[in-house]
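Q: Provided below: final.cif, containing mmCIF, C-alpha atoms.
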data_start
loop_
_atom_site.label_atom_id
_atom_site.label_comp_id
_atom_site.auth_asym_id
_atom_site.auth_seq_id
_atom_site.Cartn_x
_atom_site.Cartn_y
_atom_site.Cartn_z
CA MET A 1 21.87 -9.64 -6.34
CA ILE A 2 18.28 -8.41 -6.60
CA ILE A 3 17.27 -6.09 -9.45
CA VAL A 4 14.67 -3.52 -8.39
CA ARG A 5 12.68 -1.73 -11.09
CA TYR A 6 10.62 1.39 -10.59
CA GLY A 7 8.28 3.24 -12.92
CA GLU A 8 6.59 6.46 -11.86
CA ILE A 9 9.72 7.75 -10.11
CA ALA A 10 11.47 7.88 -13.48
CA ILE A 11 9.19 10.68 -14.73
CA LYS A 12 9.57 12.94 -11.71
CA GLY A 13 12.06 15.25 -13.43
CA GLY A 14 13.98 17.35 -10.92
CA LYS A 15 12.69 15.18 -8.05
CA ARG A 16 13.90 11.92 -9.59
CA LYS A 17 17.19 11.62 -7.68
CA GLU A 18 15.48 12.50 -4.41
CA PHE A 19 12.82 9.83 -4.98
CA GLU A 20 15.42 7.22 -6.02
CA LYS A 21 17.43 7.92 -2.88
CA LYS A 22 14.32 7.66 -0.70
CA LEU A 23 13.32 4.34 -2.26
CA ALA A 24 16.82 2.92 -1.73
CA GLU A 25 16.77 4.12 1.91
CA ASN A 26 13.33 2.58 2.46
CA ILE A 27 14.48 -0.78 1.08
CA GLU A 28 17.52 -0.83 3.37
CA LYS A 29 15.37 0.19 6.36
CA ILE A 30 12.74 -2.48 5.90
CA LEU A 31 15.36 -5.19 5.34
CA LYS A 32 17.21 -4.14 8.48
CA ARG A 33 13.93 -4.26 10.41
CA LYS A 34 13.43 -7.84 9.22
CA GLY A 35 16.98 -8.79 10.21
CA ILE A 36 18.18 -9.28 6.62
CA PRO A 37 21.44 -7.67 5.47
CA GLY A 38 21.07 -5.57 2.34
CA LYS A 39 23.00 -2.82 0.58
CA THR A 40 21.58 -0.76 -2.29
CA LYS A 41 23.19 0.81 -5.33
CA ILE A 42 21.27 3.36 -7.42
CA LEU A 43 21.57 3.22 -11.19
CA ARG A 44 19.52 4.98 -13.84
CA GLY A 45 16.27 3.06 -14.04
CA ARG A 46 17.31 0.40 -11.52
CA ILE A 47 18.29 -0.12 -7.91
CA LEU A 48 20.54 -3.09 -7.22
CA VAL A 49 20.22 -4.73 -3.81
CA ASP A 50 23.03 -6.92 -2.56
CA ALA A 51 20.90 -9.21 -0.40
CA PRO A 52 19.93 -12.90 -0.18
CA ASN A 53 17.04 -14.11 -2.36
CA GLU A 54 14.76 -14.33 0.69
CA ALA A 55 14.70 -10.52 0.69
CA ALA A 56 12.82 -10.48 -2.63
CA SER A 57 9.29 -10.86 -1.22
CA ILE A 58 9.99 -8.15 1.38
CA ILE A 59 11.35 -5.68 -1.18
CA ALA A 60 8.34 -6.32 -3.45
CA LYS A 61 6.07 -4.84 -0.75
CA THR A 62 8.00 -1.56 -0.66
CA PRO A 63 5.94 1.25 -2.26
CA GLY A 64 7.74 2.59 -5.32
CA VAL A 65 8.89 -0.84 -6.48
CA VAL A 66 7.29 -1.99 -9.75
CA SER A 67 9.01 -5.38 -10.04
CA ILE A 68 12.06 -7.26 -8.80
CA SER A 69 14.19 -10.15 -9.99
CA PRO A 70 16.70 -12.18 -7.97
CA ALA A 71 19.64 -12.45 -10.39
CA GLU A 72 23.10 -13.94 -10.80
CA VAL A 73 25.83 -11.53 -11.94
CA MET A 74 28.51 -12.62 -14.41
CA GLU A 75 30.52 -11.73 -17.47
CA TYR A 76 28.52 -12.08 -20.65
CA GLU A 77 30.79 -14.89 -21.88
CA GLU A 78 29.93 -16.92 -18.77
CA ILE A 79 26.20 -17.10 -19.53
CA PRO A 80 26.26 -20.34 -21.58
CA ASN A 81 28.11 -22.30 -18.88
CA TYR A 82 25.84 -20.88 -16.19
CA LEU A 83 22.69 -21.81 -18.13
CA LYS A 84 24.06 -25.24 -18.87
CA LYS A 85 24.15 -25.90 -15.12
CA VAL A 86 20.99 -24.24 -13.85
CA LEU A 87 18.59 -25.08 -16.69
CA LYS A 88 18.91 -28.79 -15.94
CA SER A 89 16.33 -28.24 -13.19
CA PHE A 90 13.83 -26.77 -15.68
CA ASN A 91 11.74 -28.72 -18.16
CA PRO A 92 9.60 -26.23 -20.12
CA ARG A 93 7.87 -27.00 -23.39
CA SER A 94 8.86 -23.55 -24.65
CA PHE A 95 11.06 -20.60 -23.75
CA LYS A 96 12.31 -17.21 -24.86
CA VAL A 97 15.26 -14.95 -24.03
CA GLU A 98 14.40 -11.39 -23.06
CA THR A 99 17.26 -8.91 -22.84
CA GLN A 100 17.41 -5.30 -21.70
CA ARG A 101 20.64 -3.47 -22.37
CA LEU A 102 20.80 -0.65 -19.81
CA ASP A 103 24.49 -0.25 -20.65
CA LYS A 104 24.33 1.09 -24.23
CA THR A 105 28.14 0.90 -24.56
CA PHE A 106 27.93 -2.89 -24.57
CA LEU A 107 28.88 -4.08 -28.05
CA LYS A 108 26.03 -6.54 -28.63
CA THR A 109 22.45 -5.33 -29.05
CA SER A 110 19.51 -6.83 -27.14
CA LEU A 111 18.34 -8.66 -30.29
CA GLU A 112 21.79 -10.10 -30.89
CA ILE A 113 21.96 -11.36 -27.31
CA ASN A 114 18.47 -12.89 -27.54
CA LYS A 115 19.45 -14.70 -30.76
CA GLU A 116 22.85 -15.88 -29.53
CA ILE A 117 21.68 -17.18 -26.13
CA GLY A 118 18.46 -18.59 -27.63
CA GLU A 119 20.39 -20.61 -30.19
CA PHE A 120 22.62 -21.97 -27.44
CA VAL A 121 19.62 -23.14 -25.38
CA VAL A 122 17.96 -24.79 -28.40
CA LYS A 123 21.16 -26.59 -29.27
CA GLU A 124 21.86 -27.67 -25.66
CA PHE A 125 18.32 -28.63 -24.53
CA GLY A 126 16.22 -28.85 -27.68
CA TRP A 127 13.48 -26.61 -26.29
CA LYS A 128 11.04 -24.79 -28.55
CA VAL A 129 11.21 -20.99 -28.85
CA ASP A 130 7.90 -19.21 -28.23
CA LEU A 131 8.05 -15.43 -28.24
CA GLU A 132 4.36 -14.95 -27.43
CA ASN A 133 3.52 -17.35 -24.59
CA PRO A 134 6.64 -19.14 -23.34
CA GLU A 135 6.63 -21.35 -20.25
CA LEU A 136 10.08 -20.09 -19.28
CA VAL A 137 11.57 -16.60 -19.75
CA ILE A 138 15.33 -16.29 -19.46
CA GLY A 139 15.86 -12.67 -18.46
CA ILE A 140 19.12 -10.87 -19.07
CA GLU A 141 19.93 -7.28 -18.16
CA ILE A 142 23.25 -5.72 -19.14
CA ILE A 143 24.30 -3.29 -16.43
CA ASP A 144 27.73 -1.64 -16.16
CA GLY A 145 29.24 -4.18 -18.55
CA LYS A 146 27.97 -7.16 -16.51
CA ALA A 147 25.21 -9.62 -17.30
CA TYR A 148 22.43 -10.13 -14.75
CA VAL A 149 20.59 -13.38 -15.45
CA PHE A 150 17.23 -14.22 -13.87
CA PHE A 151 14.15 -16.40 -14.39
CA GLU A 152 11.32 -14.51 -12.69
CA LYS A 153 9.84 -11.04 -12.32
CA ILE A 154 8.04 -10.55 -9.02
CA LYS A 155 5.42 -7.81 -9.19
CA GLY A 156 5.81 -4.96 -6.69
CA VAL A 157 3.15 -2.63 -5.29
CA GLY A 158 4.22 0.31 -7.48
CA GLY A 159 3.46 3.89 -6.50
CA LEU A 160 5.86 6.26 -4.73
CA PRO A 161 8.31 5.81 -1.86
CA VAL A 162 6.80 6.29 1.61
CA GLY A 163 7.90 9.61 3.09
CA THR A 164 7.90 11.62 -0.14
CA GLN A 165 4.37 13.00 0.34
CA GLY A 166 4.15 13.96 4.00
CA LYS A 167 2.21 12.42 6.89
CA VAL A 168 -1.48 11.54 7.43
CA VAL A 169 -3.61 10.14 10.25
CA ALA A 170 -5.65 7.13 9.11
CA LEU A 171 -8.76 6.02 10.99
CA ILE A 172 -8.47 2.22 11.33
CA SER A 173 -11.46 0.19 12.44
CA GLY A 174 -11.69 -3.57 12.48
CA GLY A 175 -13.48 -3.51 9.13
CA ILE A 176 -12.26 -4.36 5.65
CA ASP A 177 -12.24 -0.84 4.21
CA SER A 178 -10.08 1.38 6.41
CA PRO A 179 -6.87 -0.74 6.22
CA VAL A 180 -7.18 -0.68 2.41
CA ALA A 181 -7.49 3.12 2.49
CA ALA A 182 -4.35 3.33 4.66
CA PHE A 183 -2.49 1.01 2.28
CA LEU A 184 -3.39 3.14 -0.74
CA MET A 185 -1.99 6.22 1.00
CA LEU A 186 1.22 4.32 1.78
CA LYS A 187 1.37 3.33 -1.89
CA ARG A 188 1.14 7.00 -2.89
CA GLY A 189 4.10 7.90 -0.69
CA ALA A 190 2.39 9.14 2.48
CA GLU A 191 3.63 8.22 5.94
CA VAL A 192 0.69 6.82 7.94
CA ILE A 193 -0.20 7.12 11.62
CA ALA A 194 -3.01 4.71 12.56
CA LEU A 195 -5.82 5.86 14.86
CA HIS A 196 -8.27 3.36 16.34
CA PHE A 197 -11.33 4.11 18.45
CA ASP A 198 -11.57 1.05 20.68
CA GLN A 199 -14.92 -0.49 21.60
CA GLY A 200 -13.46 -3.26 23.73
CA THR A 201 -14.14 -7.02 23.26
CA ASN A 202 -10.48 -7.59 22.26
CA ALA A 203 -10.98 -5.64 19.05
CA LYS A 204 -7.74 -3.79 19.74
CA LYS A 205 -5.77 -7.02 19.22
CA VAL A 206 -7.19 -7.43 15.73
CA VAL A 207 -6.39 -3.81 14.84
CA GLU A 208 -2.84 -4.30 16.16
CA ARG A 209 -2.52 -7.26 13.80
CA VAL A 210 -3.85 -5.19 10.89
CA VAL A 211 -1.33 -2.42 11.63
CA GLU A 212 1.43 -5.02 11.81
CA ILE A 213 0.45 -6.25 8.31
CA LEU A 214 0.34 -2.69 6.97
CA SER A 215 3.79 -2.07 8.44
CA ASP A 216 5.18 -4.55 5.89
CA TYR A 217 4.52 -1.82 3.33
CA SER A 218 6.28 0.87 5.37
CA PRO A 219 10.00 1.42 6.00
CA ASP A 220 9.24 2.11 9.68
CA PRO A 221 6.66 0.39 11.91
CA ILE A 222 3.34 2.24 11.72
CA GLU A 223 2.46 4.04 14.93
CA LEU A 224 -0.90 3.02 16.42
CA ILE A 225 -2.82 5.45 18.62
CA VAL A 226 -5.82 4.00 20.50
CA GLU A 227 -8.67 6.14 21.85
CA ASN A 228 -11.73 5.12 23.86
CA HIS A 229 -14.63 5.20 21.40
CA PHE A 230 -17.34 5.52 24.01
CA GLU A 231 -15.67 8.36 25.91
CA ILE A 232 -15.30 10.32 22.65
CA LEU A 233 -18.95 9.77 21.66
CA LYS A 234 -20.70 10.10 25.04
CA PRO A 235 -20.95 13.93 25.24
CA TYR A 236 -22.39 14.09 21.69
CA VAL A 237 -25.02 11.49 22.55
CA SER A 238 -25.91 13.43 25.69
CA VAL A 239 -26.71 16.53 23.62
CA LEU A 240 -28.66 14.53 21.00
CA THR A 241 -30.70 12.87 23.75
CA LYS A 242 -31.52 16.23 25.30
CA ILE A 243 -32.78 17.69 21.99
CA GLN A 244 -34.45 14.40 20.95
CA LYS A 245 -32.31 13.85 17.86
CA ARG A 246 -30.83 10.45 18.65
CA GLU A 247 -31.27 9.31 15.03
CA TRP A 248 -28.26 11.53 14.25
CA THR A 249 -25.97 9.44 16.51
CA CYS A 250 -24.09 7.61 13.72
CA VAL A 251 -23.38 10.82 11.83
CA LEU A 252 -22.23 12.61 14.98
CA CYS A 253 -20.16 9.57 15.94
CA LYS A 254 -18.17 10.05 12.75
CA VAL A 255 -17.89 13.77 13.41
CA ALA A 256 -16.58 13.10 16.93
CA MET A 257 -13.92 10.71 15.61
CA LEU A 258 -12.86 13.09 12.85
CA ARG A 259 -12.53 15.99 15.25
CA ARG A 260 -10.36 13.96 17.61
CA ALA A 261 -8.31 12.80 14.61
CA VAL A 262 -7.74 16.44 13.64
CA GLU A 263 -6.39 17.22 17.13
CA ILE A 264 -3.95 14.33 16.81
CA ALA A 265 -3.00 15.31 13.26
CA LYS A 266 -2.06 18.80 14.41
CA GLU A 267 0.01 17.37 17.27
CA GLU A 268 1.80 14.99 14.88
CA GLY A 269 2.32 17.46 12.03
CA ALA A 270 0.10 15.40 9.72
CA LEU A 271 -1.38 16.99 6.60
CA GLY A 272 -4.79 15.33 6.62
CA ILE A 273 -7.14 12.60 7.81
CA VAL A 274 -7.72 9.35 5.87
CA THR A 275 -10.95 7.35 6.12
CA GLY A 276 -12.25 4.18 4.52
CA ASP A 277 -15.44 5.83 3.26
CA SER A 278 -16.98 4.32 0.13
CA LEU A 279 -19.86 6.34 -1.29
CA GLY A 280 -23.27 4.98 -0.32
CA GLN A 281 -21.98 1.89 1.45
CA VAL A 282 -23.47 2.59 4.90
CA ALA A 283 -25.64 5.29 6.48
CA SER A 284 -22.77 7.58 7.45
CA GLN A 285 -21.33 7.38 3.93
CA THR A 286 -24.16 8.79 1.83
CA LEU A 287 -23.19 11.95 -0.01
CA SER A 288 -25.30 14.22 2.18
CA ASN A 289 -23.92 12.71 5.40
CA LEU A 290 -20.33 12.84 4.11
CA PHE A 291 -20.91 16.53 3.33
CA ILE A 292 -22.06 17.18 6.90
CA GLU A 293 -19.15 15.24 8.38
CA THR A 294 -16.67 17.12 6.18
CA ILE A 295 -17.86 20.64 7.03
CA SER A 296 -17.72 19.74 10.74
CA VAL A 297 -13.92 19.73 10.69
CA ASN A 298 -11.58 22.39 9.39
CA TYR A 299 -8.97 19.99 8.02
CA PRO A 300 -8.39 17.98 4.82
CA ILE A 301 -10.09 14.57 4.70
CA TYR A 302 -8.85 12.05 2.12
CA ARG A 303 -11.10 9.19 1.00
CA PRO A 304 -9.14 6.94 -1.39
CA LEU A 305 -11.96 4.36 -1.59
CA ILE A 306 -14.76 6.80 -2.36
CA GLY A 307 -15.50 5.44 -5.86
CA LEU A 308 -14.80 1.74 -5.22
CA ASP A 309 -17.45 -0.90 -4.57
CA LYS A 310 -17.19 -3.61 -1.89
CA GLU A 311 -15.93 -6.25 -4.30
CA GLU A 312 -13.05 -4.04 -5.42
CA ILE A 313 -12.12 -3.20 -1.83
CA VAL A 314 -12.24 -6.85 -0.73
CA SER A 315 -9.98 -7.78 -3.67
CA ILE A 316 -7.31 -5.33 -2.52
CA ALA A 317 -7.69 -6.41 1.12
CA LYS A 318 -7.07 -10.04 0.16
CA ARG A 319 -4.06 -9.08 -1.95
CA ILE A 320 -2.36 -7.07 0.80
CA GLY A 321 -3.18 -9.56 3.57
CA THR A 322 -5.53 -7.55 5.80
CA TYR A 323 -8.72 -9.41 4.86
CA ASP A 324 -8.00 -12.50 6.97
CA ALA A 325 -7.29 -10.38 10.05
CA PHE A 326 -10.73 -8.77 9.68
CA LEU A 327 -12.39 -12.21 9.89
CA GLU A 328 -11.19 -12.43 13.50
CA TYR A 329 -12.73 -9.09 14.48
CA PRO A 330 -15.26 -9.56 17.32
CA TYR A 331 -18.73 -8.18 16.77
CA CYS A 332 -19.42 -5.24 19.05
CA GLU A 333 -22.83 -3.63 19.34
CA CYS A 334 -22.50 0.08 20.09
CA PRO A 335 -24.62 0.85 23.18
CA PHE A 336 -25.43 4.28 21.76
CA ARG A 337 -26.82 3.07 18.43
CA PRO A 338 -30.43 4.29 18.01
CA ASP A 339 -33.33 2.31 16.60
CA ARG A 340 -33.46 4.60 13.55
CA VAL A 341 -30.53 6.34 11.85
CA ILE A 342 -30.37 9.30 9.50
CA THR A 343 -29.29 8.20 6.03
CA GLN A 344 -29.77 11.51 4.22
CA GLY A 345 -29.07 14.25 6.74
CA LYS A 346 -30.57 17.66 5.95
CA ILE A 347 -28.11 20.50 6.32
CA THR A 348 -30.72 22.85 7.84
CA GLU A 349 -31.48 20.33 10.58
CA PHE A 350 -27.77 19.76 11.17
CA TYR A 351 -27.18 23.50 11.66
CA LEU A 352 -29.72 23.46 14.50
CA ILE A 353 -27.95 20.47 16.08
CA ARG A 354 -24.60 22.17 15.56
CA ASP A 355 -25.79 25.21 17.52
CA GLU A 356 -26.65 22.98 20.48
CA LEU A 357 -23.32 21.18 20.27
CA ARG A 358 -21.44 24.48 20.20
CA LYS A 359 -23.12 25.51 23.45
CA GLU A 360 -21.39 22.48 25.00
CA GLY A 361 -18.06 23.28 23.30
CA LEU A 362 -18.26 20.21 21.05
CA LEU A 363 -18.19 21.95 17.65
#
So, in terms of structure tokens, how does the structure I just supplied come out?

A:
Amino acid sequence: MIIVRYGEIAIKGGKRKEFEKKLAENIEKILKRKGIPGKTKILRGRILVDAPNEAASIIAKTPGVVSISPAEVMEYEEIPNYLKKVLKSFNPRSFKVETQRLDKTFLKTSLEINKEIGEFVVKEFGWKVDLENPELVIGIEIIDGKAYVFFEKIKGVGGLPVGTQGKVVALISGGIDSPVAAFLMLKRGAEVIALHFDQGTNAKKVVERVVEILSDYSPDPIELIVENHFEILKPYVSVLTKIQKREWTCVLCKVAMLRRAVEIAKEEGALGIVTGDSLGQVASQTLSNLFIETISVNYPIYRPLIGLDKEEIVSIAKRIGTYDAFLEYPYCECPFRPDRVITQGKITEFYLIRDELRKEGLL
């Protein structure tokens, strides 16, 4: 049996049962997708998953899960005999017993259980008790009159269950940032559709791998939509060339992608666009350029990385597994990139460009 703990869901008031049910459904879905049998049972403060221990690492990636513990279930009186057998494979210099009594009708308190089981272990194995920094923690949870005994707590991703916050379209490039932005939206309970603007040179294969990794954090495989980057950008470049404003290409490239993303979002019933923008990181992500890009589309744009620096983003990418996929991304030089790019676009100049673009039906 695997004990699943959640945190934020517990404070959702009238939505709590709905969120618990969604989390349990998501766990069953992702296990089924991985070919692992698993059945959930919802309790107050816990979800029990009847599944083999190999399911633990998969469940830990499910948004909404704070921590999990593969556990053995038994009568309380059976704990000493069970520990006598299994603790032979351990050789810690110190230990402690940590009990949570979810079933308050159980006659013994958590402190009494800690003391009783701790004394047994000391007597049987001679190990030292260390309540502050033990090498081994013997975990016990009392649930529905039964004892659940475990020896590890695997950290989950936390957050909210996917599907409780609606749907978004996430722009996914082959870079480090955008997959992290998509992950953070999954973690906050949003269902993600991935949108990639392909520049060729086998970049699509890397993005497919990134989406596959992100799908480990989603109950359903993430849908990937691929558009031709150059076909989307070409008419904008044509106008900029005509009015001799090619230095605006990178800003208008972002506008073109956002506007196509909005069309897809409306088709898919998505409630916004997600980008990997981090303030000031590159030319198109200065505050003035982000302002111009934002007012060019009449749709919500979410930027979960906006206040993070590169080191923080890389740390998350490594933790979730997308960083290594990025290292395989082939370098692609955009044929439309100008010699000079606008880093601090002036809104008055943009309005003049916008008028020309509108004549061509582009804005």

Q: What is the distance, in Å and to one decimal place, between atom CA of Leu271 of chain A and atom CA of Gln165 of chain A?

A: 9.4 Å

Q: Could you tell me which of A:Glu132, A:Phe197, A:Pro161, A:Ile79 comes closest to Glu25 of chain A if we count all atoms listed in the file?

A: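 Looking at the shortest contact to Glu25 of chain A, the residue is A:Pro161.
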
Q: Quick one: which segment 187-291 of chain A residues come within 12 Å of segment 145-158 of chain A, and what is the nearest atom pair for each with the distance in Å to one decimal, counting only C-alpha atoms, rows ordered by chain and ascending number, as a tab-separated table?

A:
residue	atom	partner	partner_atom	distance
A:Lys187	CA	A:Gly158	CA	7.0
A:Arg188	CA	A:Gly158	CA	8.7
A:Gly189	CA	A:Gly158	CA	10.2
A:Asp216	CA	A:Val157	CA	11.5
A:Tyr217	CA	A:Val157	CA	8.8
A:Ser218	CA	A:Val157	CA	11.6

Q: Could you tell me which residues the PyMOL selection byres ((chain A and resi 236) around 12) returns for this structure, as a ChimeraX atom specification?

A: /A:229-235,237-243,245-246,248-257,259,336,353-354,356-363

Q: Mind listing whatever residues come within 6 Å of the point (-12.5, 3.5, 3.4)? Use only C-alpha atoms, file coordinates, and give them as a list in words.

A: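 It turns out the residues near that spot are Asp177, Ser178, Ala181, Thr275, Gly276, Asp277, Ser278 and Leu305 of chain A.
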
Q: Quick one: distance from atom CA of Glu78 of chain A to atom CA of Lys108 of chain A in Å, one decimal?

A: 14.8 Å

Q: Between A:Ile59, A:Leu23, A:Leu83, A:Ile306, which one has atoms that come closest to Thr164 of chain A, using only C-alpha atoms?

A: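 Among the listed residues, A:Leu23 lies closest to Thr164 of chain A.
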
Q: Between A:Thr40, A:Ala24, A:Leu184, A:Pro70, which has the minimum distance to Ala317 of chain A (counting all atoms listed in the file)?

A: A:Leu184

Q: For the structure provided, state which residues fall under the PyMOL selection byres ((chain A and resi 44-52) around 10), and present them as a PDB file with C-alpha atoms, in the frame of the given file.

A:
ATOM      1  CA  MET A   1      21.870  -9.640  -6.340  1.00  0.00           C
ATOM      2  CA  ILE A   2      18.280  -8.410  -6.600  1.00  0.00           C
ATOM      3  CA  ILE A   3      17.270  -6.090  -9.450  1.00  0.00           C
ATOM      4  CA  VAL A   4      14.670  -3.520  -8.390  1.00  0.00           C
ATOM      5  CA  ARG A   5      12.680  -1.730 -11.090  1.00  0.00           C
ATOM      6  CA  TYR A   6      10.620   1.390 -10.590  1.00  0.00           C
ATOM      7  CA  GLY A   7       8.280   3.240 -12.920  1.00  0.00           C
ATOM      8  CA  ILE A   9       9.720   7.750 -10.110  1.00  0.00           C
ATOM      9  CA  ALA A  10      11.470   7.880 -13.480  1.00  0.00           C
ATOM     10  CA  ARG A  16      13.900  11.920  -9.590  1.00  0.00           C
ATOM     11  CA  LYS A  17      17.190  11.620  -7.680  1.00  0.00           C
ATOM     12  CA  GLU A  20      15.420   7.220  -6.020  1.00  0.00           C
ATOM     13  CA  LYS A  21      17.430   7.920  -2.880  1.00  0.00           C
ATOM     14  CA  LEU A  23      13.320   4.340  -2.260  1.00  0.00           C
ATOM     15  CA  ALA A  24      16.820   2.920  -1.730  1.00  0.00           C
ATOM     16  CA  ILE A  27      14.480  -0.780   1.080  1.00  0.00           C
ATOM     17  CA  GLU A  28      17.520  -0.830   3.370  1.00  0.00           C
ATOM     18  CA  LEU A  31      15.360  -5.190   5.340  1.00  0.00           C
ATOM     19  CA  ILE A  36      18.180  -9.280   6.620  1.00  0.00           C
ATOM     20  CA  PRO A  37      21.440  -7.670   5.470  1.00  0.00           C
ATOM     21  CA  GLY A  38      21.070  -5.570   2.340  1.00  0.00           C
ATOM     22  CA  LYS A  39      23.000  -2.820   0.580  1.00  0.00           C
ATOM     23  CA  THR A  40      21.580  -0.760  -2.290  1.00  0.00           C
ATOM     24  CA  LYS A  41      23.190   0.810  -5.330  1.00  0.00           C
ATOM     25  CA  ILE A  42      21.270   3.360  -7.420  1.00  0.00           C
ATOM     26  CA  LEU A  43      21.570   3.220 -11.190  1.00  0.00           C
ATOM     27  CA  ASN A  53      17.040 -14.110  -2.360  1.00  0.00           C
ATOM     28  CA  GLU A  54      14.760 -14.330   0.690  1.00  0.00           C
ATOM     29  CA  ALA A  55      14.700 -10.520   0.690  1.00  0.00           C
ATOM     30  CA  ALA A  56      12.820 -10.480  -2.630  1.00  0.00           C
ATOM     31  CA  ILE A  59      11.350  -5.680  -1.180  1.00  0.00           C
ATOM     32  CA  VAL A  65       8.890  -0.840  -6.480  1.00  0.00           C
ATOM     33  CA  ILE A  68      12.060  -7.260  -8.800  1.00  0.00           C
ATOM     34  CA  SER A  69      14.190 -10.150  -9.990  1.00  0.00           C
ATOM     35  CA  PRO A  70      16.700 -12.180  -7.970  1.00  0.00           C
ATOM     36  CA  ALA A  71      19.640 -12.450 -10.390  1.00  0.00           C
ATOM     37  CA  LEU A 102      20.800  -0.650 -19.810  1.00  0.00           C
ATOM     38  CA  ASP A 103      24.490  -0.250 -20.650  1.00  0.00           C
ATOM     39  CA  ILE A 143      24.300  -3.290 -16.430  1.00  0.00           C
TER      40      ILE A 143
END

Q: Determine the nearest neighbour of Ile193 of chain A from the options A:Glu267, A:Glu116, A:Glu141, A:Glu75, counting all atoms listed in the file.

A: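 Of the candidates, the smallest distance to Ile193 of chain A is held by A:Glu267.
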
Q: When you draw a straight line from atom CA of Ile301 of chain A to atom CA of Gly13 of chain A, how long is it in Å?

A: 28.6 Å

Q: Mind telling me what the PyMOL selection byres ((chain A and resi 204) around 12) catches here, as a PDB file with C-alpha atoms, keeping the file's coordinate frame?

A:
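The file below, part.pdb, is the result:
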ATOM      1  CA  ILE A 172      -8.470   2.220  11.330  1.00  0.00           C
ATOM      2  CA  SER A 173     -11.460   0.190  12.440  1.00  0.00           C
ATOM      3  CA  GLY A 174     -11.690  -3.570  12.480  1.00  0.00           C
ATOM      4  CA  LEU A 195      -5.820   5.860  14.860  1.00  0.00           C
ATOM      5  CA  HIS A 196      -8.270   3.360  16.340  1.00  0.00           C
ATOM      6  CA  PHE A 197     -11.330   4.110  18.450  1.00  0.00           C
ATOM      7  CA  ASP A 198     -11.570   1.050  20.680  1.00  0.00           C
ATOM      8  CA  GLN A 199     -14.920  -0.490  21.600  1.00  0.00           C
ATOM      9  CA  GLY A 200     -13.460  -3.260  23.730  1.00  0.00           C
ATOM     10  CA  THR A 201     -14.140  -7.020  23.260  1.00  0.00           C
ATOM     11  CA  ASN A 202     -10.480  -7.590  22.260  1.00  0.00           C
ATOM     12  CA  ALA A 203     -10.980  -5.640  19.050  1.00  0.00           C
ATOM     13  CA  LYS A 205      -5.770  -7.020  19.220  1.00  0.00           C
ATOM     14  CA  VAL A 206      -7.190  -7.430  15.730  1.00  0.00           C
ATOM     15  CA  VAL A 207      -6.390  -3.810  14.840  1.00  0.00           C
ATOM     16  CA  GLU A 208      -2.840  -4.300  16.160  1.00  0.00           C
ATOM     17  CA  ARG A 209      -2.520  -7.260  13.800  1.00  0.00           C
ATOM     18  CA  VAL A 210      -3.850  -5.190  10.890  1.00  0.00           C
ATOM     19  CA  VAL A 211      -1.330  -2.420  11.630  1.00  0.00           C
ATOM     20  CA  LEU A 224      -0.900   3.020  16.420  1.00  0.00           C
ATOM     21  CA  ILE A 225      -2.820   5.450  18.620  1.00  0.00           C
ATOM     22  CA  VAL A 226      -5.820   4.000  20.500  1.00  0.00           C
ATOM     23  CA  GLU A 227      -8.670   6.140  21.850  1.00  0.00           C
ATOM     24  CA  ASN A 228     -11.730   5.120  23.860  1.00  0.00           C
ATOM     25  CA  HIS A 229     -14.630   5.200  21.400  1.00  0.00           C
ATOM     26  CA  ALA A 325      -7.290 -10.380  10.050  1.00  0.00           C
ATOM     27  CA  PHE A 326     -10.730  -8.770   9.680  1.00  0.00           C
ATOM     28  CA  GLU A 328     -11.190 -12.430  13.500  1.00  0.00           C
ATOM     29  CA  TYR A 329     -12.730  -9.090  14.480  1.00  0.00           C
ATOM     30  CA  PRO A 330     -15.260  -9.560  17.320  1.00  0.00           C
ATOM     31  CA  CYS A 332     -19.420  -5.240  19.050  1.00  0.00           C
TER      32      CYS A 332
END

Q: Return the single residue from A:Thr62, A:Ile313, A:Glu72, A:Thr105 that is closest to Leu186 of chain A, with distances computed using all atoms listed in the file.

A: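 Under the stated criterion, the closest residue is A:Thr62.
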
Q: Of the residues A:Val297, A:Val262, A:Ala170, A:Leu87, which is the one nearest to Gly126 of chain A, using all atoms listed in the file?

A: A:Leu87

Q: Please identify all polymer residues within 9 Å of Pro92 of chain A, counting all atoms listed in the file, omitting same-chain residues fewer than 6 positions from it, and present them as number ranges by chain.

A: A: 127-128, 134-136
